[in-house]
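Accompanying notes for the structure given below.
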Amino acid sequence: MKVMGIRLLLMAFLLAIFELIVINIAGILPFLAAHKANISSAPFMDFVTKNFMNPIGTSTSMIEKKNPLFFIGSGAVMVLSVFMVFFAKGGKGKYELADKYGVHGSSRFAQKHEIFTYGEMVEVPAKQLMQDLDTSMLDSKGEK
């Protein structure tokens, strides 16, 4: 349940940030249309500040004016936020976990079940091991 709360908090944060961006983008076209006579002296910073300080009022006025860019942007923000929070793959993948999947270049200590696998280990008495070692060190002529 803790993970779900973190995801919902993340989704609320993403929605707030993206919605502020949508409000500014959706409001810029009507703003430019209102100031088309003298764009160079248009109060851009006042427009952006007003949108950031009162986003609810700005979005309410856009809904009343039926701004299509605002509706499309808000829908896209909702879909994108849900996808990013709930469907984006998180965590480490199979190849990032070196303790479960060893890859070339990864270093880790072996686990007991990897070393002592049934059928791969052969018990050899110490005397037999020494004899095998001695015979393997002889050259083709039979000398050490």
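Letters A, B, ... mark the chains of the structure tokens in the order given; residue numbers begin at 1 per chain; ligand numbers begin at 1, in order shown.
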
Per-residue DSSP, range 13-132 of chain A, filtered to helix (DSSP H, G or I), as a VMD selection string: chain A and resid 13 to 34 39 to 41 44 to 53 55 to 64 68 to 87 94 to 96 112 to 115 126 to 132

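Within 8 Å of range 6-15 of chain A, once only C-alpha atoms are used and residues closer than 3 positions along the same chain are dropped, the contacting residues are Lys2, Val3, Phe18, Glu19, Val77, Met78, Ser81, Val82, Val85 and Phe86 of chain A.
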
Would you write out those residues with N, CA, C and O atoms, as a CSV table (one decimal), in the first residue's frame?
chain,number,residue,atom,x,y,z
A,2,LYS,N,2.1,1.2,0.6
A,2,LYS,CA,3.0,2.3,0.6
A,2,LYS,C,3.4,2.7,-0.8
A,2,LYS,O,3.5,3.9,-1.1
A,3,VAL,N,3.6,1.7,-1.6
A,3,VAL,CA,4.0,2.0,-3.0
A,3,VAL,C,2.9,2.7,-3.8
A,3,VAL,O,3.1,3.7,-4.5
A,18,PHE,N,2.5,19.5,-15.3
A,18,PHE,CA,2.1,19.4,-16.7
A,18,PHE,C,0.9,20.3,-16.9
A,18,PHE,O,0.8,20.9,-18.0
A,19,GLU,N,0.0,20.4,-16.0
A,19,GLU,CA,-1.2,21.3,-16.2
A,19,GLU,C,-0.8,22.8,-16.2
A,19,GLU,O,-1.4,23.5,-17.0
A,77,VAL,N,-2.4,15.4,-20.8
A,77,VAL,CA,-1.7,15.4,-19.5
A,77,VAL,C,-2.2,14.3,-18.6
A,77,VAL,O,-1.5,13.6,-18.0
A,78,MET,N,-3.5,14.1,-18.6
A,78,MET,CA,-4.1,13.0,-17.8
A,78,MET,C,-3.6,11.6,-18.3
A,78,MET,O,-3.2,10.8,-17.5
A,81,SER,N,0.2,11.2,-17.6
A,81,SER,CA,0.5,11.0,-16.1
A,81,SER,C,0.1,9.6,-15.7
A,81,SER,O,0.9,9.0,-14.9
A,82,VAL,N,-1.0,9.1,-16.1
A,82,VAL,CA,-1.5,7.8,-15.7
A,82,VAL,C,-0.5,6.8,-16.3
A,82,VAL,O,-0.1,5.8,-15.6
A,85,VAL,N,3.0,6.9,-14.4
A,85,VAL,CA,3.0,6.5,-13.0
A,85,VAL,C,2.7,5.0,-12.9
A,85,VAL,O,3.3,4.2,-12.2
A,86,PHE,N,1.7,4.5,-13.6
A,86,PHE,CA,1.2,3.1,-13.4
A,86,PHE,C,1.7,2.1,-14.5
A,86,PHE,O,1.8,0.9,-14.2

Taking only C-alpha atoms into account, which of A:Lys66, A:Glu123, A:Glu114, A:Ile28 comes nearest Pro43 in chain A?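 With only C-alpha atoms as the atom set, the closest residue is A:Ile28.
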
Find the residues near Asn67 in chain A: any atom within 12 Å, counting only C-alpha atoms, skip ones fewer than 3 places away on the same chain, and give them as a compact mmCIF listing (two decimals) with N, CA and C atoms, in the first residue's frame.
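Saved as result_5.txt:
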# COMPACT_ATOMS: atom_id res chain seq x y z
N VAL A 22 0.38 23.29 -19.69
CA VAL A 22 -0.75 23.33 -20.63
C VAL A 22 -1.48 24.66 -20.54
N ILE A 23 -1.67 25.17 -19.34
CA ILE A 23 -2.35 26.46 -19.18
C ILE A 23 -1.59 27.57 -19.89
N ILE A 25 0.59 27.22 -22.42
CA ILE A 25 0.59 27.01 -23.87
C ILE A 25 -0.78 27.31 -24.46
N ALA A 26 -1.84 26.87 -23.78
CA ALA A 26 -3.19 27.10 -24.30
C ALA A 26 -3.58 28.57 -24.22
N GLY A 27 -2.99 29.32 -23.32
CA GLY A 27 -3.34 30.73 -23.20
C GLY A 27 -2.48 31.66 -24.04
N ILE A 28 -1.40 31.14 -24.60
CA ILE A 28 -0.49 32.02 -25.34
C ILE A 28 -1.09 32.49 -26.67
N LEU A 29 -1.87 31.65 -27.34
CA LEU A 29 -2.46 32.06 -28.62
C LEU A 29 -3.49 33.18 -28.45
N PRO A 30 -4.43 33.06 -27.51
CA PRO A 30 -5.34 34.21 -27.30
C PRO A 30 -4.60 35.46 -26.82
N THR A 58 -7.40 30.82 -14.09
CA THR A 58 -7.08 30.82 -15.51
C THR A 58 -7.70 29.63 -16.22
N SER A 59 -7.62 28.45 -15.60
CA SER A 59 -8.21 27.27 -16.24
C SER A 59 -9.73 27.36 -16.26
N THR A 60 -10.35 27.96 -15.24
CA THR A 60 -11.80 28.15 -15.24
C THR A 60 -12.22 29.08 -16.37
N SER A 61 -11.46 30.15 -16.58
CA SER A 61 -11.80 31.06 -17.68
C SER A 61 -11.61 30.38 -19.04
N MET A 62 -10.63 29.51 -19.15
CA MET A 62 -10.44 28.78 -20.41
C MET A 62 -11.57 27.79 -20.65
N ILE A 63 -12.08 27.19 -19.59
CA ILE A 63 -13.21 26.27 -19.74
C ILE A 63 -14.46 27.05 -20.15
N GLU A 64 -14.67 28.22 -19.56
CA GLU A 64 -15.83 29.04 -19.93
C GLU A 64 -15.74 29.51 -21.37
N PHE A 70 -6.83 23.91 -24.60
CA PHE A 70 -6.81 23.58 -23.18
C PHE A 70 -7.40 22.19 -22.94
N PHE A 71 -8.52 21.88 -23.59
CA PHE A 71 -9.14 20.56 -23.41
C PHE A 71 -8.26 19.43 -23.94
N ILE A 72 -7.68 19.64 -25.10
CA ILE A 72 -6.81 18.62 -25.69
C ILE A 72 -5.56 18.43 -24.82
N GLY A 73 -4.97 19.53 -24.39
CA GLY A 73 -3.77 19.45 -23.55
C GLY A 73 -4.05 18.81 -22.21
N SER A 74 -5.19 19.13 -21.60
CA SER A 74 -5.53 18.53 -20.30
C SER A 74 -5.78 17.03 -20.43

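Using only C-alpha atoms, the shortest contact distance between Met45 in chain A and any of A:Phe31, A:Ala16, A:Lys65, A:Ser136 is found at A:Phe31.
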
Give the answer as one residue: which of A:Leu133, A:Ile115, A:Ala37, A:Ile21 has the shortest atom-to-atom distance to Leu69 in chain A, using only C-alpha atoms?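 So, comparing all the options, the nearest one is A:Ile21.
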
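For the pair CA of Leu20 in chain A and CA of Leu80 in chain A, the interatomic distance is 14.4 Å.
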